[in-house]
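Shown here: entry.cif, mmCIF, C-alpha atoms.
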data_data
#
loop_
_atom_site.label_atom_id
_atom_site.label_comp_id
_atom_site.auth_asym_id
_atom_site.auth_seq_id
_atom_site.Cartn_x
_atom_site.Cartn_y
_atom_site.Cartn_z
CA MET A 227 127.05 -15.98 -200.29
CA VAL A 228 126.45 -16.77 -196.70
CA SER A 229 123.05 -18.22 -196.13
CA GLY A 230 121.66 -15.72 -193.67
CA PRO A 231 120.06 -16.69 -190.43
CA SER A 232 116.31 -17.05 -190.60
CA ARG A 233 115.38 -13.47 -191.23
CA GLY A 234 112.23 -11.73 -190.36
CA VAL A 235 111.20 -14.26 -187.73
CA ARG A 236 111.46 -11.61 -185.11
CA ALA A 237 110.40 -8.72 -187.27
CA ARG A 238 109.15 -6.21 -184.76
CA ARG A 239 107.99 -2.69 -184.89
CA LEU A 240 110.85 -0.57 -183.75
CA PRO A 241 110.09 2.42 -181.57
CA THR A 242 111.02 5.90 -182.75
CA ALA A 243 113.74 7.74 -180.91
CA VAL A 244 113.53 11.43 -180.07
CA LYS A 245 116.21 13.56 -178.55
CA ILE A 246 116.54 16.59 -176.36
CA VAL A 247 119.80 18.47 -176.21
CA ILE A 248 121.18 19.77 -172.91
CA ALA A 249 123.56 22.64 -173.64
CA GLY A 250 125.40 25.31 -171.68
CA GLY A 251 128.87 26.30 -170.63
CA PHE A 252 131.54 24.04 -169.21
CA GLY A 253 130.74 22.69 -165.75
CA VAL A 254 127.21 24.03 -165.62
CA GLY A 255 125.66 20.66 -164.81
CA LYS A 256 124.76 19.17 -168.19
CA THR A 257 125.97 15.69 -167.37
CA THR A 258 124.39 15.95 -163.92
CA MET A 259 121.02 16.67 -165.47
CA VAL A 260 121.40 13.84 -167.97
CA GLY A 261 122.28 11.46 -165.14
CA THR A 262 119.47 12.61 -162.89
CA VAL A 263 116.68 11.67 -165.28
CA SER A 264 118.31 8.86 -167.23
CA GLU A 265 117.06 5.35 -166.48
CA THR A 266 120.58 3.99 -166.80
CA ARG A 267 123.99 5.29 -165.91
CA PRO A 268 124.85 7.96 -168.50
CA LEU A 269 126.87 6.62 -171.37
CA ARG A 270 129.53 8.37 -173.34
CA THR A 271 129.72 8.43 -177.09
CA GLU A 272 132.75 9.57 -179.00
CA GLU A 273 132.85 11.25 -182.34
CA LEU A 274 135.99 11.73 -184.34
CA LEU A 275 137.38 15.16 -184.82
CA THR A 276 137.59 14.80 -188.54
CA ASP A 277 136.50 16.18 -191.79
CA GLN A 278 134.56 13.20 -193.09
CA SER A 279 134.46 14.58 -196.58
CA ILE A 280 138.11 13.76 -197.05
CA GLY A 281 138.40 10.76 -199.34
CA VAL A 282 139.98 7.53 -198.20
CA ASP A 283 142.83 7.81 -200.60
CA ASP A 284 143.64 11.37 -199.69
CA ILE A 285 146.71 10.53 -197.69
CA ALA A 286 147.32 14.14 -196.81
CA GLY A 287 144.47 14.18 -194.34
CA VAL A 288 145.00 10.86 -192.73
CA GLU A 289 146.99 11.87 -189.73
CA ARG A 290 144.39 14.40 -188.79
CA LYS A 291 141.54 12.21 -189.87
CA SER A 292 142.14 9.46 -187.39
CA THR A 293 143.60 11.08 -184.39
CA THR A 294 141.31 12.27 -181.71
CA THR A 295 137.77 12.22 -180.46
CA VAL A 296 135.28 14.38 -178.63
CA ALA A 297 132.97 12.89 -176.05
CA MET A 298 129.32 13.50 -175.31
CA ASP A 299 127.40 12.12 -172.38
CA PHE A 300 123.89 10.93 -172.93
CA GLY A 301 121.07 9.12 -171.19
CA ARG A 302 117.90 7.32 -172.11
CA ILE A 303 114.30 7.39 -170.92
CA THR A 304 112.02 4.69 -172.31
CA MET A 305 108.55 6.01 -172.96
CA ARG A 306 105.60 3.71 -173.02
CA ASP A 307 104.44 2.76 -176.49
CA GLU A 308 106.58 3.53 -179.38
CA TYR A 309 108.99 6.25 -178.27
CA VAL A 310 112.40 6.39 -176.61
CA LEU A 311 113.80 9.70 -175.43
CA TYR A 312 117.52 10.39 -175.47
CA LEU A 313 119.15 13.31 -173.68
CA PHE A 314 122.45 14.52 -175.07
CA GLY A 315 124.80 16.80 -173.21
CA THR A 316 126.71 18.93 -175.71
CA PRO A 317 130.46 19.13 -175.49
CA GLY A 318 131.18 22.24 -173.45
CA GLN A 319 134.38 23.28 -175.13
CA GLU A 320 133.98 25.87 -177.79
CA ARG A 321 136.44 24.18 -180.08
CA PHE A 322 134.05 21.28 -180.56
CA TRP A 323 131.19 23.31 -181.82
CA PHE A 324 131.01 21.83 -185.23
CA MET A 325 129.74 18.71 -183.53
CA TRP A 326 126.60 20.44 -182.54
CA ASP A 327 124.95 20.34 -185.89
CA GLU A 328 124.82 16.60 -185.67
CA VAL A 329 123.59 16.62 -182.08
CA ALA A 330 121.02 19.34 -182.72
CA LEU A 331 119.77 17.81 -185.98
CA GLY A 332 116.29 16.44 -185.48
CA ALA A 333 116.16 17.45 -181.81
CA LEU A 334 112.75 17.97 -180.29
CA GLY A 335 114.21 20.91 -178.40
CA ALA A 336 117.03 22.07 -176.16
CA VAL A 337 117.60 23.05 -172.57
CA VAL A 338 120.25 25.75 -172.12
CA LEU A 339 121.62 25.42 -168.61
CA ALA A 340 122.92 28.63 -167.10
CA ASP A 341 124.92 29.49 -164.02
CA THR A 342 124.31 33.03 -162.73
CA ARG A 343 127.96 33.30 -161.68
CA ARG A 344 129.02 32.84 -165.29
CA LEU A 345 125.97 33.83 -167.23
CA SER A 346 127.91 34.75 -170.34
CA ASP A 347 128.96 31.12 -170.73
CA CYS A 348 125.54 30.29 -172.06
CA PHE A 349 125.40 33.11 -174.63
CA PRO A 350 126.84 30.93 -177.39
CA SER A 351 124.27 28.18 -176.77
CA VAL A 352 121.38 30.65 -176.79
CA ASP A 353 122.75 32.18 -179.95
CA TYR A 354 123.19 28.82 -181.61
CA PHE A 355 119.65 27.56 -181.00
CA GLU A 356 118.12 30.92 -181.88
CA ARG A 357 119.87 30.94 -185.22
CA ARG A 358 119.15 27.30 -185.87
CA GLY A 359 115.48 27.69 -185.07
CA THR A 360 115.49 24.97 -182.43
CA PRO A 361 112.96 25.58 -179.63
CA PHE A 362 114.74 25.97 -176.29
CA VAL A 363 114.24 26.98 -172.68
CA VAL A 364 116.81 28.49 -170.33
CA ALA A 365 117.13 26.71 -166.99
CA VAL A 366 119.20 28.43 -164.35
CA ASN A 367 120.95 25.76 -162.31
CA CYS A 368 120.87 26.95 -158.71
CA PHE A 369 124.34 26.35 -157.39
CA GLU A 370 124.88 26.77 -153.69
CA GLY A 371 126.28 30.16 -152.88
CA ALA A 372 125.24 31.68 -156.17
CA GLN A 373 123.31 34.87 -155.89
CA ARG A 374 119.66 34.46 -156.82
CA TYR A 375 118.41 36.69 -159.55
CA ASP A 376 114.97 37.56 -160.68
CA LEU A 377 114.06 35.49 -163.74
CA GLN A 378 113.15 38.64 -165.59
CA GLU A 379 116.60 40.06 -164.96
CA ILE A 380 118.12 36.92 -166.45
CA GLN A 381 115.79 37.12 -169.42
CA MET A 382 116.98 40.67 -170.01
CA ALA A 383 120.62 39.89 -169.42
CA LEU A 384 120.45 37.13 -172.02
CA ASN A 385 118.49 39.35 -174.37
CA LEU A 386 115.91 36.64 -174.84
CA GLY A 387 112.65 37.13 -176.60
CA PRO A 388 109.63 37.20 -174.29
CA LYS A 389 108.54 33.82 -175.61
CA VAL A 390 111.60 31.90 -174.43
CA PRO A 391 110.77 30.33 -171.06
CA VAL A 392 113.31 30.95 -168.30
CA MET A 393 113.16 28.92 -165.11
CA LEU A 394 115.15 27.94 -162.06
CA CYS A 395 116.19 24.35 -161.55
CA ASP A 396 118.35 22.00 -159.54
CA ALA A 397 120.04 19.59 -161.92
CA ARG A 398 120.51 17.08 -159.10
CA ARG A 399 116.80 16.66 -158.39
CA VAL A 400 114.55 14.49 -160.54
CA GLU A 401 111.41 16.52 -159.95
CA SER A 402 113.16 19.71 -160.94
CA CYS A 403 114.65 18.23 -164.12
CA LYS A 404 111.32 16.66 -165.02
CA LYS A 405 109.62 20.03 -164.80
CA VAL A 406 112.26 21.67 -167.01
CA LEU A 407 111.89 18.96 -169.64
CA ILE A 408 108.09 19.01 -169.60
CA ASP A 409 108.12 22.81 -169.93
CA LEU A 410 110.48 22.43 -172.86
CA VAL A 411 108.21 19.93 -174.63
CA LEU A 412 105.20 22.21 -174.10
CA HIS A 413 107.21 25.13 -175.42
CA ALA A 414 108.34 23.10 -178.44
CA MET A 415 104.73 22.27 -179.24
CA LYS A 416 103.74 25.91 -179.13
CA PHE A 417 106.85 26.85 -181.10
CA ARG A 418 105.84 24.46 -183.88
CA GLY A 419 102.26 25.66 -183.84
CA LEU A 420 100.77 22.61 -182.16
CA THR A 421 98.19 23.07 -179.45
CA GLU A 422 97.39 20.74 -176.65
CA GLU A 423 94.52 21.02 -174.25
CA PRO A 424 95.32 24.10 -172.15
CA ALA A 425 98.40 23.18 -170.20
CA GLU A 426 98.26 23.68 -166.49
CA PRO A 427 99.89 26.99 -165.62
CA GLN A 428 103.54 26.38 -164.93
CA LYS A 429 104.79 28.09 -161.84
CA ALA A 430 108.48 28.45 -161.12
CA MET B 157 154.22 -13.94 -237.75
CA MET B 158 156.45 -11.25 -236.47
CA PRO B 159 156.46 -8.20 -238.67
CA PRO B 160 159.89 -7.19 -239.75
CA GLU B 161 161.18 -4.56 -237.46
CA ASP B 162 163.24 -1.59 -238.27
CA PRO B 163 166.50 -1.87 -236.52
CA SER B 164 166.25 0.56 -233.69
CA PRO B 165 168.93 3.17 -233.51
CA ASP B 166 168.83 2.79 -229.72
CA LEU B 167 170.75 -0.08 -228.31
CA TRP B 168 168.92 0.18 -225.06
CA PRO B 169 165.21 0.33 -224.53
CA GLU B 170 163.88 3.59 -223.29
CA THR B 171 164.03 3.75 -219.54
CA PRO B 172 160.62 4.06 -217.97
CA PRO B 173 160.10 7.41 -216.28
CA LEU B 174 160.79 7.33 -212.59
CA PRO B 175 157.76 7.77 -210.38
CA PRO B 176 157.74 11.21 -208.86
CA ALA B 177 159.51 11.24 -205.56
CA PRO B 178 157.07 11.46 -202.66
CA GLU B 179 157.06 14.95 -201.27
CA PRO B 180 158.22 15.10 -197.72
CA ASP B 181 155.36 16.01 -195.43
CA THR B 182 156.31 19.35 -194.08
CA HIS B 183 152.99 19.85 -192.38
CA GLU B 184 153.15 17.08 -189.86
CA ARG B 185 151.52 18.28 -186.71
CA TRP B 186 151.30 16.87 -183.27
CA LEU B 187 148.21 17.25 -181.19
CA ASP B 188 148.34 19.30 -178.07
CA ASP B 189 147.72 18.01 -174.57
CA GLN B 190 144.06 18.92 -174.61
CA ALA B 191 143.22 16.60 -177.44
CA GLY B 192 141.53 13.31 -176.70
CA PRO B 193 143.15 9.90 -176.90
CA MET B 194 144.82 8.83 -180.11
CA VAL B 195 142.75 6.25 -181.89
CA ARG B 196 142.99 4.13 -184.99
CA PRO B 197 139.31 3.92 -185.76
CA TYR B 198 139.56 2.83 -189.35
CA VAL B 199 141.53 -0.34 -188.80
CA MET B 200 138.40 -2.27 -187.87
CA THR B 201 136.61 -0.93 -190.90
CA SER B 202 139.40 -1.80 -193.32
CA GLY B 203 139.92 1.85 -194.01
CA ARG B 204 136.31 2.62 -194.87
CA ILE B 205 134.92 5.84 -193.47
CA GLU B 206 131.32 5.70 -194.68
CA PRO B 207 128.81 2.93 -194.21
CA THR B 208 127.71 1.16 -197.38
CA ARG B 209 124.09 1.52 -196.37
CA GLY B 210 122.13 3.66 -193.94
CA LYS B 211 122.96 7.01 -192.40
CA PHE B 212 122.93 5.86 -188.78
CA ASP B 213 122.13 8.98 -186.83
CA LEU B 214 123.16 8.86 -183.18
CA ILE B 215 119.59 7.97 -182.22
CA THR B 216 118.85 5.57 -185.04
CA LEU B 217 117.49 2.45 -183.35
CA VAL B 218 118.90 -0.92 -184.31
CA VAL B 219 117.82 -4.47 -183.53
CA ALA B 220 119.19 -7.86 -184.53
CA ALA B 221 117.11 -9.35 -187.30
CA GLY B 222 117.85 -12.97 -186.57
CA PRO B 223 119.46 -15.27 -184.07
CA GLU B 224 122.98 -14.57 -182.97
CA PRO B 225 125.25 -16.04 -185.64
CA ASP B 226 128.31 -18.05 -184.81
CA THR B 227 131.42 -17.00 -186.61
CA VAL B 228 130.46 -15.87 -190.07
CA ILE B 229 132.90 -15.30 -192.86
CA GLY B 230 133.48 -11.61 -193.31
CA LEU B 231 132.42 -10.59 -189.85
CA GLY B 232 134.96 -9.44 -187.30
CA PRO B 233 134.71 -9.63 -183.53
CA GLU B 234 133.32 -6.10 -183.43
CA HIS B 235 130.54 -7.09 -185.81
CA LEU B 236 129.65 -10.01 -183.57
CA ALA B 237 129.77 -7.82 -180.47
CA LEU B 238 127.35 -5.44 -182.18
CA ILE B 239 124.93 -8.23 -183.00
CA ARG B 240 125.04 -9.38 -179.39
CA LEU B 241 124.23 -5.89 -178.15
CA CYS B 242 121.44 -5.55 -180.72
CA GLN B 243 119.42 -8.42 -179.30
CA ASN B 244 117.33 -5.70 -177.68
CA VAL B 245 116.44 -2.46 -179.43
CA ILE B 246 119.34 -0.07 -178.95
CA SER B 247 120.51 3.25 -180.39
CA VAL B 248 123.69 3.87 -182.34
CA ALA B 249 124.87 6.15 -179.53
CA GLU B 250 124.42 3.39 -176.95
CA LEU B 251 126.28 0.91 -179.13
CA THR B 252 129.25 3.24 -179.36
CA GLY B 253 129.13 3.77 -175.60
CA HIS B 254 129.05 0.07 -174.79
CA LEU B 255 131.74 -0.87 -177.28
CA ASN B 256 133.85 2.17 -176.53
CA LEU B 257 134.29 2.82 -180.23
CA PRO B 258 133.89 6.12 -182.09
CA VAL B 259 130.59 6.72 -183.84
CA ALA B 260 132.17 6.75 -187.28
CA THR B 261 133.54 3.24 -186.79
CA VAL B 262 130.28 1.84 -185.48
CA ARG B 263 128.41 3.33 -188.44
CA VAL B 264 130.56 1.47 -190.95
CA LEU B 265 130.24 -1.81 -189.06
CA LEU B 266 126.46 -1.40 -188.77
CA GLY B 267 126.28 -0.72 -192.50
CA ASP B 268 127.90 -4.12 -193.08
CA LEU B 269 125.39 -5.83 -190.80
CA LEU B 270 122.48 -4.08 -192.47
CA ASP B 271 123.83 -5.13 -195.84
CA LYS B 272 124.00 -8.77 -194.76
CA GLY B 273 120.57 -8.67 -193.16
CA PHE B 274 121.70 -9.21 -189.58
CA VAL B 275 120.08 -6.05 -188.25
CA SER B 276 117.13 -3.86 -189.03
CA MET B 277 116.87 -0.22 -188.08
CA GLN B 278 114.56 2.69 -187.53
CA GLU B 279 115.77 6.16 -188.45
CA PRO B 280 114.51 9.04 -186.27
CA GLU B 281 111.92 11.54 -187.44
CA PRO B 282 113.50 14.34 -189.42
CA GLU B 283 113.01 17.75 -187.85
CA ALA B 284 110.59 18.77 -190.56
CA ASP B 285 108.22 15.99 -189.55
CA MET B 286 108.04 16.98 -185.91
CA HIS B 287 104.42 17.94 -186.16
CA ASP B 288 102.92 14.76 -184.79
CA ILE B 289 101.15 15.77 -181.61
CA ARG B 290 101.18 12.16 -180.38
CA LEU B 291 104.96 12.33 -180.12
CA TYR B 292 104.80 15.32 -177.79
CA LYS B 293 102.05 13.81 -175.69
CA ALA B 294 103.91 10.53 -175.34
CA VAL B 295 107.06 12.35 -174.26
CA ILE B 296 105.19 14.48 -171.71
CA ASP B 297 103.44 11.40 -170.31
CA GLY B 298 106.73 9.54 -170.14
CA LEU B 299 108.41 12.41 -168.32
CA ARG B 300 105.54 12.74 -165.85
CA ALA B 301 105.85 9.04 -165.07
CA LEU B 302 109.51 9.35 -164.09
#
Show this structure as C-alpha cells.
Amino acid sequence: MVSGPSRGVRARRLPTAVKIVIAGGFGVGKTTMVGTVSETRPLRTEELLTDQSIGVDDIAGVERKSTTTVAMDFGRITMRDEYVLYLFGTPGQERFWFMWDEVALGALGAVVLADTRRLSDCFPSVDYFERRGTPFVVAVNCFEGAQRYDLQEIQMALNLGPKVPVMLCDARRVESCKKVLIDLVLHAMKFRGLTEEPAEPQKA
Amino acid sequence: MMPPEDPSPDLWPETPPLPPAPEPDTHERWLDDQAGPMVRPYVMTSGRIEPTRGKFDLITLVVAAGPEPDTVIGLGPEHLALIRLCQNVISVAELTGHLNLPVATVRVLLGDLLDKGFVSMQEPEPEADMHDIRLYKAVIDGLRAL
C-alpha cells in the first residue's frame, strides 16, 4: 500500500458545474457561439463511438469498440461563488445522435441555433429537446445575405408551441449571445415552475 | 499407498479434446473515410472500459486532493498528467481536451486516482434537482457580468 500524500490538507468546497447545450444543424454557428462567450479558447472533447455495454472479454466487439471518436466543442464561464457554466456544442452530424443523451443529461437548457436558409436542419434538434423535456429556445443566427423572416413566421414554420421563445442573434457578438443565454435561463426557470422577480421585458 | 489399478485396456491415455478452432472473423469491417482517427484508447487503461469508482460525467469537477506526487507505483504518465492538471478545479471534459484523450479513457484513469485518494470530485446536479433558484440566479448574474 502506497502511503498517500497528506490528504485533506487542501480539502476545499468544489463548485457545482452546470451546462447549457448549443444544438442545431451542421455549420449553423454552434462552435462560434461557444467561442464567443467562453472565457478560454474552446476545447474539444472526444467520445468513443462505442457500445460501452460490451464486456471486456467480448472479443467480437473489440475492433468496433476502440476505433473512432466523435468530437464536441465546449467552453467555460466561471460564475462567481459556487457555480461554473459549461457550454457544449452538439455534434452536428446525424449519425452521432446517440451521443446527445449524455450531453443533454442534466443540462439546464438548450439553445437551438437556426439558419433561415436551411431551417429544416434544426427540426431534429427541436424534436429531440421537445421529446426529452429539456427547456430550449430557438435562436436564429443572422447570416449575412440571409433573408430576414418575421419571428412569428419562424415559430410557425418550426411548429413550435407558443411558449418556446424564438429570437434573432449574431453568434459572433458577445452581447447577442449573452442575451440568448439569459433568455434561455429565464425560460428554463419558468419551464420548471420557478419564479423570479418579474424579469425585465425582453425585446428582440 | 497406491491402490492397485486395473490394467487399462488402452495402451495410450485418452487424448485431451482439442480446443475448438477459432472461427474466422467474417465480419471484419473497415471504417469509411468520414470516421474519426483510429485510436487505441484502452491501452492506457490496461483494457478496462469502466472506472472502478465514480461516474465522471463530462462536467464532473475534479481537484487534486494532495500535493503532486513523484512517481508512484501503479501510476502511469497519464495519471500523473491528470494530477498536474487537477491542481486547479477542472471538469472531466476539460481534462480530456487538454490531454487529447477520449472521455472513456480519462474516466478510467480518474477512477484510479479517486480510488487512491489523489483527487476529489463533485458530481453535477441531476436534472431532477434543478429546482434551486439560487443556481439560476447565479447563472444569470454570471452571464450579465460577461
Report task. Name all residues at most 9 Å from A:Met415 (count only C-alpha atoms; drop same-chain ones fewer than 6 positions away) and give them as a ChimeraX atom specification. Result -> /A:361,421-422 /B:287,289,292
**Report entry** Non-local contacts of B:Gly298 (9 Å; only C-alpha atoms; under 6 positions in same chain excluded) as a PyMOL selection string
**Finding:** chain A and resi 303-306+311
Report task. Would you list the residues near (131.0, 6.1, -193.7) (no more than 8 Å away, in the coordinates of the file, using only C-alpha atoms) as a ChimeraX atom specification? Result -> /A:278 /B:204-208,260-261,263-264
Can you write just those residues out, C-alpha atoms, as a PDB file, keeping the file's coordinate frame?
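Listing of again_0.pdb after writing:
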ATOM      1  CA  GLN A 278     134.560  13.200-193.090  1.00  0.00           C
TER       2      GLN A 278
ATOM      3  CA  ARG B 204     136.310   2.620-194.870  1.00  0.00           C
ATOM      4  CA  ILE B 205     134.920   5.840-193.470  1.00  0.00           C
ATOM      5  CA  GLU B 206     131.320   5.700-194.680  1.00  0.00           C
ATOM      6  CA  PRO B 207     128.810   2.930-194.210  1.00  0.00           C
ATOM      7  CA  THR B 208     127.710   1.160-197.380  1.00  0.00           C
ATOM      8  CA  ALA B 260     132.170   6.750-187.280  1.00  0.00           C
ATOM      9  CA  THR B 261     133.540   3.240-186.790  1.00  0.00           C
ATOM     10  CA  ARG B 263     128.410   3.330-188.440  1.00  0.00           C
ATOM     11  CA  VAL B 264     130.560   1.470-190.950  1.00  0.00           C
TER      12      VAL B 264
END
Query raised in the report: Of the candidates A:Phe324, A:Phe349, A:Phe314, A:Phe362, which one gets nearest to chain B if we count only C-alpha atoms?
Result: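 Of A:Phe324, A:Phe349, A:Phe314, A:Phe362, the one nearest chain B is A:Phe314, counting only C-alpha atoms.
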Report task. Decode the PyMOL selection byres ((chain A and resi 241) around 8) for the given file into explicit residues and return them as a PyMOL selection string. Result -> (chain A and resi 239-240+242-243+307-310) or (chain B and resi 217+278)
Query - Between atom CA of A:Phe322 and atom CA of B:Leu214, distance in Å (one decimal) - result: 16.7 Å
Query raised in the report: On this structure, which residues satisfy the PyMOL selection byres ((chain B and resi 257) around 12), written as a ChimeraX atom specification?
Result: /A:270-274,294-297 /B:193,195-201,234-235,237-238,248-256,258-265
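One distance worth recording is that between atom CA of A:Gln373 and atom CA of A:Asp299, which is 28.4 Å.
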Query raised in the report: Expanded to explicit residues, what is the PyMOL selection byres ((chain A and resi 404-412) around 9) for this file, as JSON, numbers by chain?
Result: {"A": [246, 263, 334, 335, 336, 337, 361, 362, 363, 364, 365, 391, 393, 394, 395, 399, 400, 401, 402, 403, 413, 414, 415, 416, 417, 421, 422, 425, 428], "B": [292, 293, 295, 296, 297, 299, 300, 302]}
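Coordinates place atom CA of B:Val228 at a distance of 22.1 Å from atom CA of B:Val245.
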**Report entry** Best match for closeness to B:Val275 among B:Ile215, B:Leu241, B:Ala301, B:Ala294, counting all atoms listed in the file
**Finding:**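 Using all atoms listed in the file, the shortest distance to B:Val275 belongs to B:Leu241.
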Report task. Please provide the set of residues having any atom within 9 Å of A:Leu345, restricted to only C-alpha atoms, with same-chain residues fewer than 6 positions apart removed, written as a PyMOL selection string. Result -> chain A and resi 251+380+383-384
Do a neighbour search on A:Tyr354 at 12 Å with only C-alpha atoms, toss out local chain neighbours closer than 6 positions, and write the hits as a CSV table (one decimal) with C-alpha atoms, in the coordinates of the input.
chain,number,residue,atom,x,y,z
A,249,ALA,CA,123.6,22.6,-173.6
A,250,GLY,CA,125.4,25.3,-171.7
A,320,GLU,CA,134.0,25.9,-177.8
A,323,TRP,CA,131.2,23.3,-181.8
A,324,PHE,CA,131.0,21.8,-185.2
A,326,TRP,CA,126.6,20.4,-182.5
A,327,ASP,CA,125.0,20.3,-185.9
A,330,ALA,CA,121.0,19.3,-182.7
A,336,ALA,CA,117.0,22.1,-176.2
A,338,VAL,CA,120.2,25.8,-172.1
A,348,CYS,CA,125.5,30.3,-172.1
A,360,THR,CA,115.5,25.0,-182.4
A,361,PRO,CA,113.0,25.6,-179.6
A,362,PHE,CA,114.7,26.0,-176.3
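Among the candidates A:Pro350, A:Gly253, A:Gly332, A:Pro268, the residue lying nearest to chain B is A:Gly332 (atoms considered: all atoms listed in the file).
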Step by step, gather every atom of stretch 201-209 of chain B that the file lists, find the box along x, y and z that holds them, add 6 Å on each side, and finally give centre and edge lengths in Å to one decimal, as JSON.
{"center_x": 132.0, "center_y": 2.0, "center_z": -194.1, "size_x": 27.8, "size_y": 19.6, "size_z": 18.5}
Requested in this report: Find the residues near A:Thr342: any atom within 10 Å, counting only C-alpha atoms, skip ones fewer than 5 places away on the same chain, and give them as a PyMOL selection string.
Outcome: chain A and resi 254+347-348+366-369+372-375+380
